[in-house]
Amino acid sequence: MLNFSRTRSQPRSTRSMSLGGMDYVDPKRKSNYVGKIFLAAALTALCIIMIKRSPSLNPPSPFSIHEPGVTHVLVTGGAGYIGSHATLRLLRDFYRVTIVDNLSRGNLGAVRVLQELFPEPGRLQFIYADLGDKESVNKIFSENKFDAVMHFAAVAYVGESTLDPLKYYHNITSNTLLVLESMAKYGVKKLIYSSTCATYGEPEKMPITEETEQKPINPYGKAKKMSEDIILDFSKTSKMAVMILRYFNVIGSDPEGRLGEAPRPELREHGRISGACFDAARGITTGLKVRGTDYKTQDGTCIRDYIDVTDLVDAHVKALEKAQPGKVGIYNVGTGKGRSVKEFVDACKKATGVNIKVDFLPRRPGDYAEVYSDPSKINLELNWTAQYTDLEKSLQTAWKWQKSHRNGYGISSAI
């Protein structure tokens with residue numbers, strides 16, 4: 001009898017079929033093979049993610065730990081004119097620095113200059129954040145270990161403050177309160193607060209000492225005084241080391257030409273007189289507007305105490321070094337010499353070599369006739385004295401930066 005049965009050399013599910021010399025793999029076998037590849041890839045990716053997130057294998061950021069011998073300073077407003085110069089000095093003196101700035105007035109270009117000058121890991125970090133956002137402020141303090149705070153961040157134009165006072169109370173007073181709350185929560189024990197002579201208003205007696213009564217006459221000065229009051233009240237129930245620096249009219253720029261002042265074009269009307277002078281010298285504006293010629297001063301224009309930014313930064317660093325737990329230091333930072341606006345304009349003409357056209361206009365709301373400091377206390381207690389007191393030379397230094405940076409810090413000036 002013939003046997004029509006046959007023996008299978010391999011199971012049907014795994015055997016290839018041949019047709020015309022070509023093998024065709026069973027689709028089920030191919031599907032299983034591809035699935036195993038995808039599974040292996042997914043497991044590999046998961047392992048890589050877990051390794052990267054593992055604290056034992058991923059060292060912590062140097063900004064998130066207290067390192068012996070290293071002082072980590074949070075500089076609020078560090079992308080601004082004064083804050084960037086302060087950051088430069090701190091980095092030069094081997095401090096570790098974190099800049100927090102929302103770039104509403106600051107310049108990203110200034111931050112990039114600082115990053116290029118100090119590219120070493122653990123020296124400088126920049127955090128884009130708004131100090132008016134409580135969650136952001138809390139997150140910054142929770143993820144970083146600060147030893148001290150230099151609080152510069154603030155809108156700072158007298159004229160603008162009279163037009164939009166609520167902005168100033170929010171930005172200056174409310175934001176300072178949020179910073180203080182986070183400092184208290186996370187145990188940051190040292191505060192250097194950037195205040196202003198505007199808290200004094202228009203005193204009857206000159207020069208101004210730290211004991212002069214504070215009677216501010218514009219929202220900018222009032223907001224700063226409110227912040228000072230909050231800081232002083234809090235200091236009574238804490239062991240925080242506090243230094244409050246009330247400084248006068250800031251001019252100049254980095255002597256080596258690395259940083260300068262680059263205000264927003266839309267804020268030129270409210271800006272510092274030095275910026276207005278340079279804009280006129282460069283032809284950006286048709287002339288310099290001097291507001292107020294009927295004050296009770298020698299030539300009828302306002303008298304101010306002009307302090308070079310390099311000296312001002314030096315005062316901040318000395319305050320940081322001298323701050324003591326549980327103690328408060330309040331200091332005027334100025335040259336002790338008043339100069340009229342007309343004197344300033346003459347010095348600016350000489351510094352730029354341009355015969356600037358000057359338009360004399362009515363007074364600006366919120367301005368005061370005469371303000372200059374008595375720096376005796378800071379001289380005695382912090383061993384600080386203004387070194388850059390030649391007005392024309394300070395303006396020459398600033399003018400040199402302006403000429404070589406016609407567009408400020410360039411395209412990176414704002415986000």
# chains A, B, ... in the order shown; residues from 1 in each chain; ligands from 1
>>> residues_around(residues="range 218-229 of chain A", least_positions_apart="2", cutoff="7 Å", atoms="only C-alpha atoms", output="ChimeraX atom specification")
/A:156,158,161-162,165,168-169,172-173,176,195,198-199,216,231-233,366
>>> write_last_selection(atoms="all heavy atoms", output="CSV table (one decimal), in the first residue's frame")
chain,number,residue,atom,x,y,z
A,156,ALA,N,13.6,102.3,37.9
A,156,ALA,CA,14.3,103.4,38.6
A,156,ALA,C,14.4,104.7,37.9
A,156,ALA,O,15.4,105.4,37.9
A,156,ALA,CB,15.8,102.9,38.9
A,158,VAL,N,12.6,108.4,38.1
A,158,VAL,CA,11.7,109.3,38.9
A,158,VAL,C,10.5,109.8,38.1
A,158,VAL,O,9.4,109.7,38.5
A,158,VAL,CB,12.5,110.5,39.4
A,158,VAL,CG1,11.5,111.6,39.9
A,158,VAL,CG2,13.5,110.1,40.5
A,161,SER,N,8.0,107.1,37.4
A,161,SER,CA,7.3,106.7,38.6
A,161,SER,C,6.0,107.6,38.9
A,161,SER,O,5.1,107.2,39.5
A,161,SER,CB,8.2,106.7,39.8
A,161,SER,OG,8.5,108.0,40.3
A,162,THR,N,6.1,108.9,38.5
A,162,THR,CA,5.0,109.8,38.7
A,162,THR,C,3.9,109.5,37.7
A,162,THR,O,2.7,109.8,38.0
A,162,THR,CB,5.4,111.3,38.6
A,162,THR,OG1,5.9,111.5,37.2
A,162,THR,CG2,6.6,111.6,39.5
A,165,PRO,N,2.7,105.1,39.0
A,165,PRO,CA,3.1,104.7,40.4
A,165,PRO,C,2.9,103.3,40.8
A,165,PRO,O,3.7,102.7,41.5
A,165,PRO,CB,2.3,105.7,41.2
A,165,PRO,CG,1.1,106.1,40.4
A,165,PRO,CD,1.6,106.1,39.0
A,168,TYR,N,5.7,101.0,40.1
A,168,TYR,CA,6.8,101.1,41.0
A,168,TYR,C,6.6,100.4,42.3
A,168,TYR,O,7.5,99.8,42.9
A,168,TYR,CB,7.2,102.6,41.1
A,168,TYR,CG,8.1,103.0,40.0
A,168,TYR,CD1,7.6,103.1,38.7
A,168,TYR,CD2,9.4,103.3,40.2
A,168,TYR,CE1,8.4,103.4,37.6
A,168,TYR,CE2,10.2,103.7,39.2
A,168,TYR,CZ,9.7,103.7,37.9
A,168,TYR,OH,10.6,104.1,36.8
A,169,TYR,N,5.4,100.5,42.9
A,169,TYR,CA,5.1,99.9,44.1
A,169,TYR,C,5.1,98.4,44.0
A,169,TYR,O,5.6,97.6,44.9
A,169,TYR,CB,3.8,100.3,44.7
A,169,TYR,CG,3.8,101.8,45.1
A,169,TYR,CD1,2.9,102.7,44.6
A,169,TYR,CD2,4.7,102.3,46.1
A,169,TYR,CE1,3.0,104.1,44.9
A,169,TYR,CE2,4.7,103.6,46.4
A,169,TYR,CZ,3.9,104.5,45.9
A,169,TYR,OH,3.9,105.8,46.2
A,172,ILE,N,9.1,97.4,43.0
A,172,ILE,CA,10.1,97.6,44.0
A,172,ILE,C,9.7,97.0,45.4
A,172,ILE,O,10.4,96.2,45.9
A,172,ILE,CB,10.4,99.1,44.2
A,172,ILE,CG1,11.0,99.7,42.9
A,172,ILE,CG2,11.3,99.4,45.4
A,172,ILE,CD1,11.2,101.2,42.8
A,173,THR,N,8.6,97.4,45.9
A,173,THR,CA,8.2,97.0,47.2
A,173,THR,C,7.7,95.6,47.3
A,173,THR,O,8.2,94.8,48.1
A,173,THR,CB,7.1,98.0,47.8
A,173,THR,OG1,7.5,99.4,47.6
A,173,THR,CG2,6.9,97.8,49.3
A,176,THR,N,10.5,93.1,46.6
A,176,THR,CA,11.5,93.0,47.7
A,176,THR,C,10.9,92.1,48.8
A,176,THR,O,11.6,91.3,49.4
A,176,THR,CB,11.8,94.4,48.2
A,176,THR,OG1,12.4,95.1,47.2
A,176,THR,CG2,12.7,94.3,49.5
A,195,SER,N,19.4,100.9,47.6
A,195,SER,CA,18.4,101.9,47.8
A,195,SER,C,18.9,103.2,47.1
A,195,SER,O,19.8,103.2,46.3
A,195,SER,CB,18.2,102.1,49.3
A,195,SER,OG,17.0,102.9,49.5
A,198,ALA,N,16.7,109.2,46.8
A,198,ALA,CA,15.4,109.7,46.6
A,198,ALA,C,14.5,109.4,47.8
A,198,ALA,O,13.4,110.0,47.9
A,198,ALA,CB,14.7,109.0,45.4
A,199,THR,N,14.9,108.6,48.7
A,199,THR,CA,14.1,108.4,49.9
A,199,THR,C,14.2,109.6,50.9
A,199,THR,O,13.3,109.7,51.7
A,199,THR,CB,14.6,107.1,50.7
A,199,THR,OG1,16.0,107.4,51.2
A,199,THR,CG2,14.6,105.9,49.9
A,216,PRO,N,10.3,111.2,51.1
A,216,PRO,CA,10.3,111.1,49.6
A,216,PRO,C,9.1,111.8,49.0
A,216,PRO,O,8.1,111.9,49.6
A,216,PRO,CB,10.2,109.6,49.4
A,216,PRO,CG,9.6,109.0,50.6
A,216,PRO,CD,10.1,109.9,51.7
A,231,ILE,N,12.5,95.7,55.3
A,231,ILE,CA,13.7,95.1,55.6
A,231,ILE,C,14.1,95.3,57.1
A,231,ILE,O,14.5,94.4,57.8
A,231,ILE,CB,14.8,95.6,54.7
A,231,ILE,CG1,14.6,95.1,53.3
A,231,ILE,CG2,16.2,95.1,55.2
A,231,ILE,CD1,15.5,95.8,52.2
A,232,LEU,N,14.0,96.6,57.5
A,232,LEU,CA,14.3,96.9,58.9
A,232,LEU,C,13.4,96.2,59.9
A,232,LEU,O,13.9,95.7,61.0
A,232,LEU,CB,14.3,98.4,59.1
A,232,LEU,CG,15.3,99.2,58.3
A,232,LEU,CD1,15.1,100.7,58.5
A,232,LEU,CD2,16.7,98.9,58.8
A,233,ASP,N,12.1,96.2,59.6
A,233,ASP,CA,11.2,95.5,60.5
A,233,ASP,C,11.6,94.0,60.6
A,233,ASP,O,11.6,93.4,61.7
A,233,ASP,CB,9.8,95.6,60.1
A,233,ASP,CG,9.2,97.0,60.4
A,233,ASP,OD1,9.8,97.7,61.2
A,233,ASP,OD2,8.2,97.4,59.8
A,366,GLY,N,8.2,115.7,40.4
A,366,GLY,CA,8.9,114.8,41.3
A,366,GLY,C,10.4,115.1,41.5
A,366,GLY,O,11.0,114.5,42.3
>>> select_by_dssp(residues="range 35-98 of chain A", states="strand (DSSP E or B)", output="PyMOL selection string")
chain A and resi 72-76+96-98
>>> atom_distance(atom1="CA of Glu160 in chain A", atom2="CA of Ala86 in chain A")
24.7 Å
>>> residues_around(residues="Gly408 in chain A", least_positions_apart="5", cutoff="9 Å", atoms="only C-alpha atoms", output="list in words")
Asn107, Gly109, Gly260, Glu261, Ala262, Pro263, Trp401, Gln402 and Ser413 of chain A
>>> closest_atom_pairs(of="range 286-327 of chain A", to="range 144-150 of chain A", cutoff="12 Å", atoms="only C-alpha atoms", output="Markdown table")
| residue | atom | partner | partner_atom | distance |
| --- | --- | --- | --- | --- |
| A:Val313 | CA | A:Met150 | CA | 10.8 |
| A:Ala315 | CA | A:Met150 | CA | 12.0 |
| A:His316 | CA | A:Met150 | CA | 8.2 |
| A:Val317 | CA | A:Met150 | CA | 9.6 |
| A:Ala319 | CA | A:Met150 | CA | 10.2 |
| A:Leu320 | CA | A:Ala148 | CA | 8.1 |
| A:Glu321 | CA | A:Ala148 | CA | 10.5 |
| A:Ala323 | CA | A:Ala148 | CA | 10.1 |
| A:Gln324 | CA | A:Ala148 | CA | 11.8 |
| A:Pro325 | CA | A:Ala148 | CA | 11.6 |
>>> closest_residue(among="A:Ala276, A:Val354, A:Val70, A:Leu178", to="Asn138 in chain A", atoms="only C-alpha atoms")
A:Leu178
>>> residues_around(residues="Arg363 in chain A", least_positions_apart="5", cutoff="10 Å", atoms="only C-alpha atoms", output="ChimeraX atom specification")
/A:290-295,301-302,368-369
>>> write_last_selection(atoms="C-alpha atoms", output="JSON list (two decimals), in the first residue's frame")
[["chain", "number", "residue", "atom", "x", "y", "z"],
["A", 290, "VAL", "CA", 17.35, 120.26, 30.63],
["A", 291, "ARG", "CA", 14.22, 120.37, 32.76],
["A", 292, "GLY", "CA", 14.05, 123.18, 35.28],
["A", 293, "THR", "CA", 16.09, 126.40, 35.33],
["A", 294, "ASP", "CA", 14.32, 128.21, 38.17],
["A", 295, "TYR", "CA", 15.49, 126.22, 41.18],
["A", 301, "THR", "CA", 19.47, 124.07, 37.61],
["A", 302, "CYS", "CA", 19.32, 121.01, 39.89],
["A", 368, "TYR", "CA", 14.11, 118.27, 43.77],
["A", 369, "ALA", "CA", 16.49, 121.22, 43.72]]
>>> select_by_dssp(residues="range 129-283 of chain A", states="helix (DSSP H, G or I)", output="short mmCIF file (atom, residue, chain, number, x, y, z; two decimals) with N, CA, C and O atoms, in the first residue's frame")
data_model
loop_
_atom_site.label_atom_id
_atom_site.label_comp_id
_atom_site.auth_asym_id
_atom_site.auth_seq_id
_atom_site.Cartn_x
_atom_site.Cartn_y
_atom_site.Cartn_z
N LYS A 134 5.85 84.66 42.55
CA LYS A 134 6.22 84.01 43.81
C LYS A 134 6.73 82.59 43.61
O LYS A 134 7.71 82.17 44.24
N GLU A 135 6.08 81.84 42.73
CA GLU A 135 6.50 80.45 42.49
C GLU A 135 7.90 80.40 41.89
O GLU A 135 8.71 79.54 42.26
N SER A 136 8.18 81.30 40.97
CA SER A 136 9.51 81.33 40.35
C SER A 136 10.58 81.67 41.38
O SER A 136 11.65 81.06 41.40
N VAL A 137 10.30 82.66 42.22
CA VAL A 137 11.27 83.07 43.25
C VAL A 137 11.52 81.91 44.20
O VAL A 137 12.67 81.60 44.54
N ASN A 138 10.46 81.24 44.62
CA ASN A 138 10.61 80.11 45.54
C ASN A 138 11.43 79.00 44.90
O ASN A 138 12.29 78.38 45.55
N LYS A 139 11.18 78.72 43.62
CA LYS A 139 11.91 77.67 42.90
C LYS A 139 13.40 78.00 42.81
O LYS A 139 14.25 77.12 42.99
N ILE A 140 13.70 79.26 42.53
CA ILE A 140 15.10 79.68 42.42
C ILE A 140 15.83 79.44 43.74
O ILE A 140 16.95 78.91 43.77
N PHE A 141 15.21 79.81 44.84
CA PHE A 141 15.85 79.62 46.15
C PHE A 141 15.90 78.15 46.56
O PHE A 141 16.85 77.74 47.24
N SER A 142 14.92 77.37 46.15
CA SER A 142 14.92 75.95 46.53
C SER A 142 15.97 75.15 45.78
O SER A 142 16.49 74.16 46.29
N GLU A 143 16.31 75.59 44.56
CA GLU A 143 17.25 74.83 43.73
C GLU A 143 18.68 75.33 43.81
O GLU A 143 19.58 74.73 43.23
N VAL A 158 12.57 108.44 38.09
CA VAL A 158 11.70 109.32 38.87
C VAL A 158 10.50 109.77 38.05
O VAL A 158 9.35 109.68 38.49
N GLY A 159 10.76 110.28 36.85
CA GLY A 159 9.67 110.78 36.01
C GLY A 159 8.65 109.70 35.69
O GLY A 159 7.43 109.94 35.77
N GLU A 160 9.11 108.52 35.33
CA GLU A 160 8.20 107.42 35.01
C GLU A 160 7.37 107.03 36.23
O GLU A 160 6.19 106.67 36.10
N SER A 161 7.98 107.12 37.40
CA SER A 161 7.25 106.71 38.62
C SER A 161 6.05 107.61 38.90
O SER A 161 5.05 107.18 39.46
N THR A 162 6.14 108.87 38.49
CA THR A 162 5.00 109.79 38.69
C THR A 162 3.88 109.50 37.69
O THR A 162 2.72 109.80 37.96
N LEU A 163 4.23 108.91 36.55
CA LEU A 163 3.23 108.59 35.53
C LEU A 163 2.59 107.22 35.77
O LEU A 163 1.43 107.01 35.40
N PRO A 165 2.69 105.05 39.01
CA PRO A 165 3.13 104.73 40.38
C PRO A 165 2.90 103.28 40.78
O PRO A 165 3.72 102.70 41.50
N LEU A 166 1.80 102.67 40.33
CA LEU A 166 1.52 101.29 40.75
C LEU A 166 2.60 100.32 40.27
O LEU A 166 2.95 99.37 40.96
N LYS A 167 3.12 100.57 39.07
CA LYS A 167 4.22 99.74 38.57
C LYS A 167 5.40 99.77 39.55
O LYS A 167 6.02 98.75 39.83
N TYR A 168 5.68 100.95 40.09
CA TYR A 168 6.82 101.11 40.99
C TYR A 168 6.60 100.44 42.34
O TYR A 168 7.50 99.81 42.89
N TYR A 169 5.39 100.54 42.87
CA TYR A 169 5.12 99.87 44.15
C TYR A 169 5.14 98.35 43.99
O TYR A 169 5.63 97.64 44.87
N HIS A 170 4.64 97.85 42.87
CA HIS A 170 4.70 96.41 42.61
C HIS A 170 6.15 95.96 42.43
O HIS A 170 6.61 95.01 43.08
N ASN A 171 6.83 96.62 41.51
CA ASN A 171 8.16 96.17 41.10
C ASN A 171 9.19 96.32 42.21
O ASN A 171 10.08 95.46 42.37
N ILE A 172 9.10 97.37 42.98
CA ILE A 172 10.11 97.62 44.02
C ILE A 172 9.70 97.02 45.36
O ILE A 172 10.38 96.15 45.91
N THR A 173 8.56 97.45 45.88
CA THR A 173 8.17 97.05 47.24
C THR A 173 7.70 95.60 47.30
O THR A 173 8.19 94.81 48.10
N SER A 174 6.74 95.23 46.44
CA SER A 174 6.21 93.86 46.48
C SER A 174 7.28 92.83 46.17
O SER A 174 7.37 91.78 46.82
N ASN A 175 8.09 93.11 45.16
CA ASN A 175 9.13 92.15 44.79
C ASN A 175 10.18 91.98 45.88
O ASN A 175 10.69 90.87 46.11
N THR A 176 10.51 93.07 46.57
CA THR A 176 11.46 92.97 47.68
C THR A 176 10.89 92.08 48.78
O THR A 176 11.62 91.27 49.38
N LEU A 177 9.61 92.20 49.03
CA LEU A 177 8.96 91.35 50.04
C LEU A 177 9.06 89.87 49.66
O LEU A 177 9.37 89.02 50.51
N LEU A 178 8.84 89.54 48.40
CA LEU A 178 8.94 88.14 47.96
C LEU A 178 10.36 87.61 48.10
O LEU A 178 10.57 86.46 48.51
N VAL A 179 11.35 88.44 47.78
CA VAL A 179 12.75 88.03 47.94
C VAL A 179 13.06 87.77 49.41
O VAL A 179 13.68 86.76 49.76
N LEU A 180 12.60 88.66 50.28
CA LEU A 180 12.84 88.49 51.72
C LEU A 180 12.20 87.22 52.25
O LEU A 180 12.78 86.50 53.07
N GLU A 181 10.98 86.93 51.81
CA GLU A 181 10.29 85.72 52.27
C GLU A 181 11.07 84.47 51.90
O GLU A 181 11.21 83.54 52.71
N SER A 182 11.59 84.43 50.68
CA SER A 182 12.36 83.26 50.25
C SER A 182 13.71 83.19 50.97
O SER A 182 14.19 82.10 51.29
N MET A 183 14.31 84.33 51.22
CA MET A 183 15.56 84.34 51.99
C MET A 183 15.33 83.75 53.37
O MET A 183 16.13 82.93 53.87
N ALA A 184 14.23 84.13 54.01
CA ALA A 184 13.91 83.62 55.35
C ALA A 184 13.62 82.12 55.29
O ALA A 184 14.08 81.36 56.15
N LYS A 185 12.88 81.69 54.29
CA LYS A 185 12.48 80.29 54.18
C LYS A 185 13.67 79.37 53.95
O LYS A 185 13.73 78.26 54.50
N CYS A 197 19.04 107.86 47.21
CA CYS A 197 18.91 109.15 47.89
C CYS A 197 17.52 109.73 47.71
O CYS A 197 17.13 110.68 48.42
N ALA A 198 16.72 109.17 46.79
CA ALA A 198 15.36 109.65 46.57
C ALA A 198 14.48 109.42 47.80
O ALA A 198 13.42 110.02 47.91
N THR A 199 14.91 108.57 48.72
CA THR A 199 14.13 108.35 49.94
C THR A 199 14.17 109.58 50.85
O THR A 199 13.32 109.72 51.73
N TYR A 200 15.14 110.46 50.65
CA TYR A 200 15.25 111.65 51.50
C TYR A 200 14.33 112.78 51.02
O TYR A 200 14.02 113.70 51.79
N PRO A 219 6.92 108.56 43.74
CA PRO A 219 6.66 107.14 43.98
C PRO A 219 7.91 106.27 44.00
O PRO A 219 7.96 105.28 44.73
N TYR A 220 8.91 106.62 43.19
CA TYR A 220 10.16 105.85 43.22
C TYR A 220 10.79 105.89 44.60
O TYR A 220 11.09 104.85 45.20
N GLY A 221 10.97 107.09 45.15
CA GLY A 221 11.55 107.21 46.49
C GLY A 221 10.67 106.59 47.56
O GLY A 221 11.16 105.96 48.50
N LYS A 222 9.35 106.74 47.42
CA LYS A 222 8.43 106.17 48.40
C LYS A 222 8.48 104.65 48.39
O LYS A 222 8.46 104.00 49.45
N ALA A 223 8.52 104.05 47.20
CA ALA A 223 8.58 102.59 47.09
C ALA A 223 9.87 102.05 47.69
O ALA A 223 9.88 101.00 48.36
N LYS A 224 10.98 102.75 47.46
CA LYS A 224 12.26 102.32 48.04
C LYS A 224 12.24 102.45 49.57
O LYS A 224 12.74 101.58 50.28
N LYS A 225 11.65 103.52 50.08
CA LYS A 225 11.57 103.68 51.53
C LYS A 225 10.70 102.59 52.15
O LYS A 225 11.02 102.05 53.22
N MET A 226 9.59 102.26 51.51
CA MET A 226 8.74 101.16 51.99
C MET A 226 9.54 99.86 52.07
O MET A 226 9.42 99.11 53.05
N SER A 227 10.34 99.61 51.05
CA SER A 227 11.18 98.40 51.05
C SER A 227 12.17 98.43 52.20
O SER A 227 12.38 97.42 52.88
N GLU A 228 12.79 99.58 52.41
CA GLU A 228 13.71 99.72 53.55
C GLU A 228 12.99 99.42 54.86
O GLU A 228 13.51 98.71 55.73
N ASP A 229 11.78 99.95 55.03
CA ASP A 229 11.02 99.75 56.27
C ASP A 229 10.72 98.26 56.48
O ASP A 229 10.82 97.75 57.61
N ILE A 230 10.35 97.57 55.42
CA ILE A 230 10.07 96.13 55.51
C ILE A 230 11.33 95.38 55.94
O ILE A 230 11.31 94.52 56.82
N ILE A 231 12.45 95.72 55.30
CA ILE A 231 13.73 95.07 55.64
C ILE A 231 14.10 95.32 57.10
O ILE A 231 14.50 94.41 57.82
N LEU A 232 13.96 96.56 57.54
CA LEU A 232 14.33 96.92 58.92
C LEU A 232 13.43 96.22 59.93
O LEU A 232 13.90 95.74 60.97
N ASP A 233 12.13 96.15 59.64
CA ASP A 233 11.22 95.46 60.55
C ASP A 233 11.55 93.98 60.64
O ASP A 233 11.56 93.39 61.72
N PHE A 234 11.83 93.38 59.48
CA PHE A 234 12.17 91.95 59.47
C PHE A 234 13.48 91.69 60.20
O PHE A 234 13.63 90.68 60.90
N SER A 235 14.43 92.60 60.07
CA SER A 235 15.75 92.39 60.69
C SER A 235 15.66 92.34 62.22
O SER A 235 16.52 91.75 62.87
N PRO A 265 15.49 102.17 24.15
CA PRO A 265 15.23 103.38 23.38
C PRO A 265 13.94 104.08 23.80
O PRO A 265 13.87 105.31 23.84
N GLU A 266 12.92 103.29 24.13
CA GLU A 266 11.63 103.89 24.49
C GLU A 266 11.65 104.57 25.85
O GLU A 266 10.71 105.28 26.23
N LEU A 267 12.74 104.36 26.62
CA LEU A 267 12.84 104.95 27.95
C LEU A 267 13.81 106.13 28.00
O LEU A 267 14.13 106.62 29.08
N ILE A 273 20.74 111.49 32.91
CA ILE A 273 21.19 112.64 32.12
C ILE A 273 22.41 112.28 31.27
O ILE A 273 22.58 112.80 30.17
N SER A 274 23.24 111.36 31.76
CA SER A 274 24.41 110.97 30.97
C SER A 274 23.98 110.31 29.67
O SER A 274 24.52 110.60 28.59
N GLY A 275 22.98 109.42 29.74
CA GLY A 275 22.49 108.76 28.53
C GLY A 275 21.89 109.76 27.56
O GLY A 275 22.10 109.68 26.33
N ALA A 276 21.15 110.73 28.09
CA ALA A 276 20.54 111.76 27.24
C ALA A 276 21.61 112.62 26.57
O ALA A 276 21.49 113.00 25.40
N CYS A 277 22.68 112.88 27.31
CA CYS A 277 23.79 113.67 26.78
C CYS A 277 24.48 112.94 25.62
O CYS A 277 24.74 113.52 24.57
N PHE A 278 24.71 111.64 25.81
CA PHE A 278 25.38 110.86 24.76
C PHE A 278 24.48 110.69 23.53
O PHE A 278 24.97 110.70 22.39
N ASP A 279 23.18 110.54 23.75
CA ASP A 279 22.26 110.44 22.61
C ASP A 279 22.31 111.70 21.77
O ASP A 279 22.28 111.65 20.54
N ALA A 280 22.37 112.84 22.45
CA ALA A 280 22.44 114.11 21.73
C ALA A 280 23.77 114.24 20.99
O ALA A 280 23.83 114.70 19.84
N ALA A 281 24.86 113.80 21.62
CA ALA A 281 26.19 113.89 21.00
C ALA A 281 26.29 112.99 19.78
O ALA A 281 27.00 113.31 18.81
#
>>> atom_distance(atom1="CA of Ala347 in chain A", atom2="CA of Thr285 in chain A")
18.7 Å
>>> atom_distance(atom1="CA of Asp164 in chain A", atom2="CA of Gly201 in chain A")
18.6 Å
>>> closest_residue(among="A:Ser61, A:Tyr157, A:Lys36, A:Lys215", to="Glu269 in chain A", atoms="only C-alpha atoms")
A:Tyr157
>>> residues_around(residues="Gly80 in chain A", least_positions_apart="6", cutoff="8 Å", atoms="only C-alpha atoms", output="CSV table (one decimal) with all heavy atoms, in the first residue's frame")
chain,number,residue,atom,x,y,z
A,103,LEU,N,14.9,90.9,32.2
A,103,LEU,CA,15.3,91.6,31.0
A,103,LEU,C,14.3,92.7,30.5
A,103,LEU,O,14.4,93.1,29.4
A,103,LEU,CB,15.6,90.6,29.8
A,103,LEU,CG,16.6,89.6,30.1
A,103,LEU,CD1,16.8,88.7,28.9
A,103,LEU,CD2,18.0,90.2,30.5
A,105,ARG,N,14.4,95.6,31.7
A,105,ARG,CA,15.3,96.8,31.7
A,105,ARG,C,16.8,96.4,31.4
A,105,ARG,O,17.6,97.2,31.0
A,105,ARG,CB,15.2,97.6,33.0
A,105,ARG,CG,13.8,98.2,33.3
A,105,ARG,CD,13.4,99.3,32.3
A,105,ARG,NE,12.0,99.6,32.4
A,105,ARG,CZ,11.4,100.5,33.0
A,105,ARG,NH1,12.2,101.3,33.8
A,105,ARG,NH2,10.1,100.7,33.0
A,106,GLY,N,17.1,95.2,31.7
A,106,GLY,CA,18.5,94.7,31.5
A,106,GLY,C,18.8,94.2,30.1
A,106,GLY,O,17.9,94.3,29.2
A,107,ASN,N,20.0,93.8,29.9
A,107,ASN,CA,20.5,93.4,28.6
A,107,ASN,C,21.1,92.0,28.6
A,107,ASN,O,22.0,91.8,29.3
A,107,ASN,CB,21.5,94.4,28.1
A,107,ASN,CG,20.9,95.8,27.8
A,107,ASN,OD1,20.3,96.0,26.7
A,107,ASN,ND2,21.1,96.7,28.7
A,110,ALA,N,24.8,92.0,28.0
A,110,ALA,CA,25.7,92.2,29.1
A,110,ALA,C,26.0,90.8,29.8
A,110,ALA,O,27.2,90.6,30.2
A,110,ALA,CB,25.1,93.2,30.1
A,153,ALA,N,17.5,94.7,41.4
A,153,ALA,CA,16.4,94.7,40.5
A,153,ALA,C,15.3,95.7,40.8
A,153,ALA,O,14.7,95.6,41.9
A,153,ALA,CB,15.8,93.3,40.4
>>> residues_around(residues="Asn379 in chain A", least_positions_apart="3", cutoff="10 Å", atoms="only C-alpha atoms", output="number ranges by chain")
A: 315, 331-333, 374-376, 382-386
>>> write_last_selection(atoms="C-alpha atoms", output="PDB file, in the first residue's frame")
ATOM      1  CA  ALA A 315      30.985 100.077  48.036  1.00  0.00           C
ATOM      2  CA  TYR A 331      25.163 104.158  54.253  1.00  0.00           C
ATOM      3  CA  ASN A 332      25.071 107.018  51.784  1.00  0.00           C
ATOM      4  CA  VAL A 333      27.220 106.340  48.725  1.00  0.00           C
ATOM      5  CA  ASP A 374      27.958 113.360  53.375  1.00  0.00           C
ATOM      6  CA  PRO A 375      29.942 110.106  52.914  1.00  0.00           C
ATOM      7  CA  SER A 376      31.707 110.319  56.317  1.00  0.00           C
ATOM      8  CA  LEU A 382      33.618 100.477  55.570  1.00  0.00           C
ATOM      9  CA  ASN A 383      36.887 102.202  54.670  1.00  0.00           C
ATOM     10  CA  TRP A 384      35.334 103.301  51.401  1.00  0.00           C
ATOM     11  CA  THR A 385      36.098 106.515  49.545  1.00  0.00           C
ATOM     12  CA  ALA A 386      35.131 107.499  46.012  1.00  0.00           C
TER      13      ALA A 386
END
>>> closest_residue(among="A:Ser373, A:Gln214, A:Asn102, A:Thr237", to="Asp305 in chain A", atoms="only C-alpha atoms")
A:Ser373
>>> residues_around(residues="range 116-120 of chain A", least_positions_apart="3", cutoff="10 Å", atoms="only C-alpha atoms", output="PyMOL selection string")
chain A and resi 88+91-92+111-113+123-125+258
